[in-house]
$ cat upload.txt   # compact mmCIF, C-alpha atoms
# COMPACT_ATOMS: atom_id res chain seq x y z
CA MET A 1 -15.16 4.12 -5.43
CA VAL A 2 -12.07 5.01 -3.41
CA THR A 3 -9.19 2.69 -4.28
CA ARG A 4 -6.33 1.88 -1.98
CA SER A 5 -3.87 3.78 -4.20
CA SER A 6 -6.04 6.91 -4.33
CA ALA A 7 -6.48 6.78 -0.55
CA ASP A 8 -2.70 6.56 -0.14
CA ALA A 9 -2.16 9.51 -2.49
CA ARG A 10 -4.73 11.57 -0.61
CA HIS A 11 -3.09 10.78 2.70
CA ALA A 12 0.38 11.58 1.34
CA ARG A 13 -0.82 14.99 0.12
CA ALA A 14 -2.39 15.68 3.51
CA LEU A 15 0.88 14.84 5.24
CA GLU A 16 2.84 17.16 2.96
CA ARG A 17 0.43 19.99 3.78
CA GLU A 18 1.39 19.55 7.45
CA LEU A 19 5.11 20.13 6.83
CA PRO A 20 5.09 23.91 7.43
CA ASP A 21 3.14 23.49 10.67
CA TYR A 22 5.43 20.88 12.23
CA PRO A 23 9.05 21.78 11.42
CA ASP A 24 10.37 19.67 14.33
CA GLU A 25 8.70 16.57 12.85
CA ARG A 26 9.77 17.14 9.26
CA GLY A 27 11.77 13.92 8.95
CA GLU A 28 8.99 11.76 10.34
CA ILE A 29 6.39 13.37 8.07
CA LEU A 30 8.61 13.00 4.99
CA LEU A 31 9.14 9.31 5.74
CA GLU A 32 5.43 8.66 6.20
CA ALA A 33 4.42 10.64 3.11
CA ALA A 34 7.03 8.85 0.99
CA HIS A 35 5.72 5.51 2.26
CA HIS A 36 2.21 6.39 1.03
CA TRP A 37 3.42 7.82 -2.30
CA HIS A 38 5.30 4.58 -2.98
CA ARG A 39 2.20 2.53 -2.19
CA ALA A 40 0.17 4.81 -4.49
CA GLY A 41 2.59 4.09 -7.36
CA GLU A 42 4.06 7.63 -7.33
CA HIS A 43 7.61 6.34 -7.00
CA GLY A 44 9.32 9.50 -8.23
CA ARG A 45 7.63 11.58 -5.53
CA ALA A 46 8.54 8.98 -2.90
CA ILE A 47 12.20 9.08 -3.99
CA ALA A 48 12.24 12.90 -3.91
CA LEU A 49 10.88 13.02 -0.35
CA LEU A 50 13.23 10.31 0.88
CA THR A 51 16.19 12.08 -0.70
CA GLU A 52 15.21 15.27 1.13
CA CYS A 53 14.93 13.30 4.36
CA VAL A 54 18.38 11.76 3.87
CA GLU A 55 19.80 15.27 3.74
CA LEU A 56 18.34 16.00 7.18
CA GLY A 57 20.72 13.43 8.66
CA GLY A 58 20.26 11.91 12.11
CA GLU A 59 17.99 8.94 12.78
CA ASP A 60 15.40 10.01 10.20
CA GLY A 61 18.15 10.32 7.58
CA GLY A 62 19.29 6.76 8.28
CA LEU A 63 15.73 5.44 8.07
CA ALA A 64 15.28 7.34 4.80
CA ARG A 65 18.35 5.67 3.25
CA CYS A 66 16.93 2.28 4.18
CA SER A 67 13.51 3.15 2.74
CA LEU A 68 15.13 4.60 -0.38
CA ALA A 69 17.06 1.38 -0.94
CA ASP A 70 13.82 -0.59 -0.54
CA VAL A 71 12.05 1.56 -3.14
CA LEU A 72 14.96 1.34 -5.58
CA PHE A 73 15.15 -2.44 -5.23
CA ASP A 74 11.40 -2.60 -5.95
CA LEU A 75 11.99 -0.58 -9.12
CA GLY A 76 14.79 -2.87 -10.31
CA ARG A 77 17.47 -0.24 -9.69
CA GLY A 78 19.71 -2.51 -7.63
CA ASP A 79 22.98 -0.61 -8.14
CA GLU A 80 21.43 2.62 -6.85
CA ALA A 81 19.90 0.75 -3.92
CA GLN A 82 23.29 -0.71 -3.03
CA ASP A 83 24.80 2.79 -3.20
CA GLN A 84 22.33 3.85 -0.50
CA LEU A 85 23.26 0.91 1.71
CA ASP A 86 26.97 1.63 1.26
CA ALA A 87 26.37 5.27 2.19
CA LEU A 88 24.36 4.21 5.23
CA ARG A 89 27.22 2.03 6.43
CA ARG A 90 29.66 4.93 5.96
CA ASP A 91 27.32 7.28 7.84
CA ARG A 92 27.34 4.92 10.86
CA PRO A 93 24.01 6.15 12.31
CA ALA A 94 23.74 6.00 16.08
CA SER A 95 20.27 4.44 15.96
CA ILE A 96 20.03 0.65 15.81
CA THR A 97 16.84 0.69 13.71
CA PRO A 98 18.33 1.26 10.22
CA TYR A 99 20.76 -1.66 10.63
CA PHE A 100 17.89 -3.95 11.62
CA LEU A 101 15.67 -2.79 8.75
CA VAL A 102 18.44 -3.34 6.21
CA GLY A 103 18.99 -6.83 7.64
CA GLU A 104 15.32 -7.64 7.06
CA LEU A 105 15.38 -6.06 3.61
CA LEU A 106 18.35 -8.18 2.51
CA GLU A 107 16.91 -11.27 4.19
CA GLU A 108 13.76 -10.84 2.11
CA ARG A 109 15.94 -10.67 -1.00
CA ARG A 110 17.69 -13.88 0.16
CA GLU A 111 21.03 -12.11 0.38
CA TYR A 112 21.72 -13.93 3.61
CA ASP A 113 25.43 -13.23 4.01
CA GLU A 114 24.88 -9.49 3.77
CA ALA A 115 21.74 -9.70 5.91
CA LEU A 116 23.72 -11.41 8.66
CA ARG A 117 26.36 -8.69 8.48
CA TRP A 118 23.70 -6.01 9.12
CA PHE A 119 21.98 -7.99 11.86
CA ASN A 120 25.36 -8.42 13.58
CA ILE A 121 25.94 -4.67 13.40
CA ALA A 122 22.51 -4.13 15.00
CA VAL A 123 23.39 -6.59 17.79
CA SER A 124 26.71 -4.83 18.35
CA ARG A 125 24.83 -1.54 18.86
CA CYS A 126 22.60 -3.02 21.56
CA THR A 127 23.53 -2.30 25.16
CA GLU A 128 24.31 -5.07 27.61
CA GLU A 129 20.92 -4.44 29.22
CA ASP A 130 19.12 -4.97 25.89
CA LEU A 131 20.44 -8.49 25.31
CA PRO A 132 19.55 -11.69 27.17
CA GLY A 133 21.36 -12.29 30.42
CA PRO A 134 20.99 -14.38 33.59
CA ASP A 135 18.19 -12.13 34.86
CA ARG A 136 17.07 -10.57 31.60
CA ASP A 137 14.56 -11.86 29.07
CA PRO A 138 13.97 -9.26 26.33
CA GLY A 139 11.00 -11.23 25.01
CA PRO A 140 10.02 -11.85 21.37
CA LEU A 141 8.18 -8.51 21.08
CA SER A 142 11.05 -6.33 22.25
CA PHE A 143 13.27 -4.64 19.69
CA ALA A 144 16.26 -6.68 20.86
CA GLY A 145 14.16 -9.84 20.59
CA MET A 146 13.25 -8.97 16.99
CA ILE A 147 16.90 -8.35 16.10
CA LEU A 148 18.02 -11.65 17.61
CA ALA A 149 15.21 -13.55 15.89
CA GLY A 150 16.17 -12.05 12.51
CA ARG A 151 19.82 -12.91 13.10
CA ARG A 152 18.91 -16.50 13.92
CA ARG A 153 16.70 -16.83 10.82
CA VAL A 154 19.50 -15.87 8.44
CA ARG A 155 22.05 -18.00 10.29
CA ARG A 156 19.71 -20.96 9.84
CA ALA A 157 19.27 -20.09 6.16
CA LEU A 158 23.07 -20.16 5.83
CA GLY A 159 23.24 -23.54 7.57
CA LEU A 160 25.26 -22.19 10.51
CA PRO A 161 25.10 -24.00 13.85
CA ALA A 162 23.27 -22.25 16.68
CA ASP A 163 25.48 -20.04 18.81
CA ASN A 164 24.94 -18.57 22.27
CA LEU A 165 22.68 -15.76 21.04
CA ASP A 166 20.64 -18.06 18.80
CA ASN A 167 19.91 -20.27 21.79
CA LYS A 168 18.62 -17.29 23.78
CA VAL A 169 15.95 -16.22 21.28
CA VAL A 170 12.64 -16.24 23.15
CA GLU A 171 9.77 -18.01 21.42
CA PRO A 172 6.17 -16.89 21.95
CA GLY A 173 4.48 -18.95 24.65
CA ALA A 174 1.44 -21.17 24.34
CA ALA A 175 -1.91 -19.41 24.14
CA PRO A 176 -3.48 -19.00 27.61
CA PRO A 177 -7.22 -18.71 28.32
CA PHE A 178 -9.42 -15.87 27.09
CA VAL A 179 -10.63 -13.07 29.31
CA ASP A 180 -13.10 -10.41 28.26
CA GLN A 181 -12.41 -6.70 28.35
CA ALA A 182 -14.39 -6.28 31.57
CA GLY A 183 -11.87 -8.44 33.40
CA LEU A 184 -8.82 -6.84 31.86
CA ASP A 185 -7.86 -4.60 34.79
CA ASP A 186 -7.95 -7.50 37.23
CA ALA A 187 -6.06 -9.74 34.83
CA LEU A 188 -3.27 -7.22 34.43
CA SER A 189 -2.92 -6.35 38.11
CA ASP A 190 0.42 -6.92 39.80
CA ASN A 191 -1.15 -9.74 41.80
CA ALA A 192 -2.36 -11.66 38.76
CA SER A 193 -0.81 -15.12 38.82
CA ARG A 194 -1.93 -16.51 35.46
CA SER A 195 -1.39 -15.55 31.86
CA VAL A 196 -4.35 -14.16 29.99
CA GLN A 197 -5.43 -13.69 26.42
CA VAL A 198 -7.35 -10.54 25.57
CA ARG A 199 -9.75 -10.02 22.68
CA VAL A 200 -9.44 -6.61 21.05
CA LEU A 201 -12.25 -5.43 18.78
CA PHE A 202 -11.08 -3.18 15.95
CA TRP A 203 -12.07 -1.72 12.59
CA PRO A 204 -9.78 -3.02 9.80
CA ARG A 205 -8.15 -0.35 7.66
CA PRO A 206 -10.68 -0.45 4.75
CA GLU A 207 -13.62 -0.28 7.18
CA ILE A 208 -12.60 2.85 9.12
CA PRO A 209 -13.81 5.47 6.58
CA LEU A 210 -16.98 3.44 5.99
CA ALA A 211 -17.71 3.24 9.72
CA HIS A 212 -16.99 6.95 10.12
CA GLU A 213 -19.45 7.76 7.35
CA ARG A 214 -22.13 5.48 8.81
CA TRP A 215 -21.65 6.27 12.52
CA PRO A 216 -19.62 9.49 12.92
CA GLN A 217 -20.52 9.64 16.61
CA LEU A 218 -19.00 6.18 17.05
CA VAL A 219 -15.94 6.50 14.79
CA GLN A 220 -14.99 10.15 15.11
CA HIS A 221 -12.26 10.25 12.46
CA ARG A 222 -11.49 8.47 9.21
CA ASP A 223 -7.70 8.61 9.58
CA ALA A 224 -6.90 4.91 9.53
CA ASP A 225 -3.16 5.38 10.03
CA THR A 226 -3.54 7.26 13.31
CA PHE A 227 -6.15 4.85 14.64
CA LEU A 228 -4.18 1.71 13.78
CA ARG A 229 -0.84 3.14 14.96
CA GLU A 230 -2.40 3.86 18.36
CA ARG A 231 -3.82 0.33 18.51
CA GLU A 232 -0.47 -1.26 17.62
CA LEU A 233 1.38 0.76 20.27
CA ALA A 234 -1.27 -0.09 22.88
CA ASN A 235 -0.88 -3.77 22.00
CA ARG A 236 2.89 -3.57 22.41
CA GLN A 237 2.50 -2.03 25.86
CA LEU A 238 -0.10 -4.62 26.84
CA ALA A 239 2.05 -7.50 25.62
CA VAL A 240 4.93 -6.70 27.98
CA ALA A 241 2.75 -6.87 31.09
CA PRO A 242 4.26 -9.03 33.87
CA ASN A 243 1.87 -11.93 33.21
CA ARG A 244 2.80 -12.14 29.49
CA THR A 245 -0.61 -11.15 28.15
CA ARG A 246 -1.46 -12.61 24.74
CA ILE A 247 -3.64 -10.67 22.34
CA VAL A 248 -6.04 -11.64 19.57
CA MET A 249 -7.61 -9.07 17.26
CA VAL A 250 -11.29 -9.33 16.37
CA PRO A 251 -12.08 -7.47 13.11
CA LEU A 252 -15.43 -5.71 12.95
CA THR A 253 -17.06 -4.66 9.68
CA VAL A 254 -19.90 -2.25 9.02
CA ALA A 255 -21.89 -5.07 7.43
CA LYS A 256 -21.43 -7.38 10.43
CA LEU A 257 -22.37 -4.79 13.05
CA THR A 258 -25.39 -3.67 11.02
CA GLU A 259 -26.59 -7.25 10.59
CA TYR A 260 -26.04 -8.05 14.27
CA ALA A 261 -27.91 -4.95 15.47
CA GLU A 262 -30.86 -5.61 13.15
CA ARG A 263 -31.03 -9.28 14.14
CA THR A 264 -30.89 -8.65 17.89
CA GLY A 265 -32.69 -5.32 18.03
CA LYS A 266 -29.79 -3.77 19.94
CA ASP A 267 -28.34 -0.26 19.69
CA VAL A 268 -25.06 0.00 17.77
CA ALA A 269 -23.96 2.91 19.97
CA ASP A 270 -24.13 0.75 23.10
CA ASP A 271 -20.74 -0.65 24.15
CA ALA A 272 -22.45 -3.87 25.27
CA THR A 273 -23.79 -4.40 21.74
CA ARG A 274 -20.36 -4.19 20.17
CA LYS A 275 -18.89 -6.43 22.86
CA ALA A 276 -21.58 -9.07 22.26
CA CYS A 277 -20.95 -8.81 18.52
CA MET A 278 -17.23 -9.25 19.18
CA GLU A 279 -17.89 -12.42 21.17
CA GLU A 280 -20.01 -13.81 18.34
CA ILE A 281 -17.28 -13.11 15.78
CA ALA A 282 -14.65 -14.68 18.04
CA ASP A 283 -16.79 -17.75 18.76
CA GLU A 284 -17.10 -18.26 14.99
CA GLY A 285 -13.30 -18.26 14.68
CA GLY A 286 -12.96 -14.80 13.18
CA VAL A 287 -9.88 -13.73 15.16
CA ILE A 288 -6.32 -12.79 14.22
CA ASP A 289 -3.38 -13.66 16.44
CA TRP A 290 -1.26 -10.66 17.40
CA PRO A 291 1.51 -10.12 16.59
CA PRO A 292 1.54 -11.90 13.22
CA ALA A 293 4.78 -13.38 11.96
CA ARG A 294 6.99 -10.67 10.50
CA ASN A 295 6.41 -11.85 6.91
CA ALA A 296 2.71 -12.64 7.42
CA PRO A 297 -0.06 -10.25 6.32
CA CYS A 298 -0.57 -7.39 8.76
CA TRP A 299 -3.48 -7.73 11.18
CA CYS A 300 -4.87 -4.32 10.11
CA GLY A 301 -6.11 -5.50 6.71
CA ALA A 302 -3.78 -3.36 4.60
CA GLY A 303 -2.62 -6.35 2.56
CA ARG A 304 1.07 -5.72 3.30
CA LYS A 305 3.51 -7.73 5.38
CA TYR A 306 3.33 -6.97 9.09
CA LYS A 307 6.98 -5.89 9.22
CA LYS A 308 6.33 -3.26 6.52
CA CYS A 309 3.08 -2.07 8.04
CA CYS A 310 2.03 -1.90 11.70
CA GLY A 311 5.00 -4.04 12.76
CA ARG A 312 7.62 -1.50 11.68
CA PRO A 313 10.08 -1.07 14.57
CA ASP A 314 10.38 2.65 13.84
CA LEU A 315 6.66 3.11 14.54
CA HIS A 316 6.10 5.81 17.16
$ encode --input "upload.txt" --output "structure tokens"
Amino acid sequence: MVTRSSADARHARALERELPDYPDERGEILLEAAHHWHRAGEHGRAIALLTECVELGGEDGGLARCSLADVLFDLGRGDEAQDQLDALRRDRPASITPYFLVGELLEERREYDEALRWFNIAVSRCTEEDLPGPDRDPGPLSFAGMILAGRRRVRRALGLPADNLDNKVVEPGAAPPFVDQAGLDDALSDNASRSVQVRVLFWPRPEIPLAHERWPQLVQHRDADTFLRERELANRQLAVAPNRTRIVMVPLTVAKLTEYAERTGKDVADDATRKACMEEIADEGGVIDWPPARNAPCWCGAGRKYKKCCGRPDLH
């Protein structure tokens, strides 16, 4: 039986094998491999890769310092973690992302004063066009919207009164009606006048290798990270459509699709079969709102918080 930790270790090794072939993406690969080594319990290897990434400098170096601090805090090495945060502040990275991630990291540790300091730095690095204005609504799913929401959370935790930026945080709207995938193009056209909610069928992370093994013509790869990253990015693009599309994820399992096909006598390879199965799952309440709250379990089924999984702002 393949455990989650062994799958992470296997994926981390595969990423490291790619390093010589993609020298321009070294920082990104090191960060991703370290992430999987840490999940696999190989903390020393994760620290070594993150330390190497820090030495590369630039945006990846800043992200590596943040990740390194996170790992060190997890291991109870708080002084070393703080050293990384102090070094990050001295480095003054140009990217906003590390400041935001440190804010969330310290918020999770309930170090609200320090978290607010980092969120404020992130806000100060935003351009005027990023932040709310008379004709600008960054929306709750934008990076600026996430920064402002984090800043407001820690200000509330500190008992501070709402200020101008707190009052401009955009809340997700009420859920509009469902549309099926067949009507998606019409729903997202420039002339669409109503909000829509779209159902997205997907294989959860643990099911992807199983589905690939059972139906390789249907699921052509078993690389869950690539598949789920593409789905998350597609959702983010869909969510900023002019009509404020709302998305719900419908998880499909090998067992469910097999049972449905046997019961109905339909062909699994037929798109209509999977769509009908999706509708049955959704009608039974088996849907997941997207995006989850930042501290809620990720929609992908990994068992981690959304903000540390598919909801990472540095995802690209």
$ residues_around --input "upload.txt" --residues "Ala269 (chain A)" --least-positions-apart "3" --cutoff "9 Å" --atoms "only C-alpha atoms" --output "count of residues only"
7
$ closest_residue --input "upload.txt" --among "A:Gly76, A:Cys309, A:Leu105, A:Ile121" --to "Arg92 (chain A)" --atoms "all atoms listed in the file"
A:Ile121
$ atom_distance --input "upload.txt" --atom1 "CA of Gly150 (chain A)" --atom2 "CA of Glu104 (chain A)"
7.1 Å
$ residues_near_point --input "upload.txt" --point "(20.9, -2.2, -2.2)" --cutoff "10 Å" --atoms "all atoms listed in the file" --output "number ranges by chain"
A: 65-66, 68-73, 77-86, 102, 105-106, 109
$ atom_distance --input "upload.txt" --atom1 "CA of Arg13 (chain A)" --atom2 "CA of Ala224 (chain A)"
15.1 Å
$ closest_residue --input "upload.txt" --among "A:Thr253, A:Asn120, A:Thr51, A:Thr127" --to "Val154 (chain A)" --atoms "all atoms listed in the file"
A:Asn120
$ atom_distance --input "upload.txt" --atom1 "CA of Ala87 (chain A)" --atom2 "CA of Ser67 (chain A)"
13.0 Å
$ residues_around --input "upload.txt" --residues "region 275-282 of chain A" --least-positions-apart "2" --cutoff "12 Å" --atoms "all atoms listed in the file" --output "JSON, numbers by chain"
{"A": [178, 179, 180, 181, 182, 198, 199, 200, 201, 202, 203, 248, 249, 250, 251, 252, 253, 254, 255, 256, 257, 258, 259, 260, 261, 262, 263, 264, 266, 267, 268, 269, 270, 271, 272, 273, 284, 285, 286, 287, 288, 289]}
$ closest_residue --input "upload.txt" --among "A:Phe100, A:Trp290, A:Tyr112, A:Tyr22" --to "Phe143 (chain A)" --atoms "only C-alpha atoms"
A:Phe100
$ residues_around --input "upload.txt" --residues "Val169 (chain A)" --least-positions-apart "2" --cutoff "7 Å" --atoms "all atoms listed in the file" --output "list in words"
Gly145, Leu148, Ala149, Leu165, Asp166, Asn167 and Glu171 of chain A
$ closest_residue --input "upload.txt" --among "A:Gly62, A:Gly44, A:Gly103, A:Gly303" --to "Arg90 (chain A)" --atoms "only C-alpha atoms"
A:Gly62
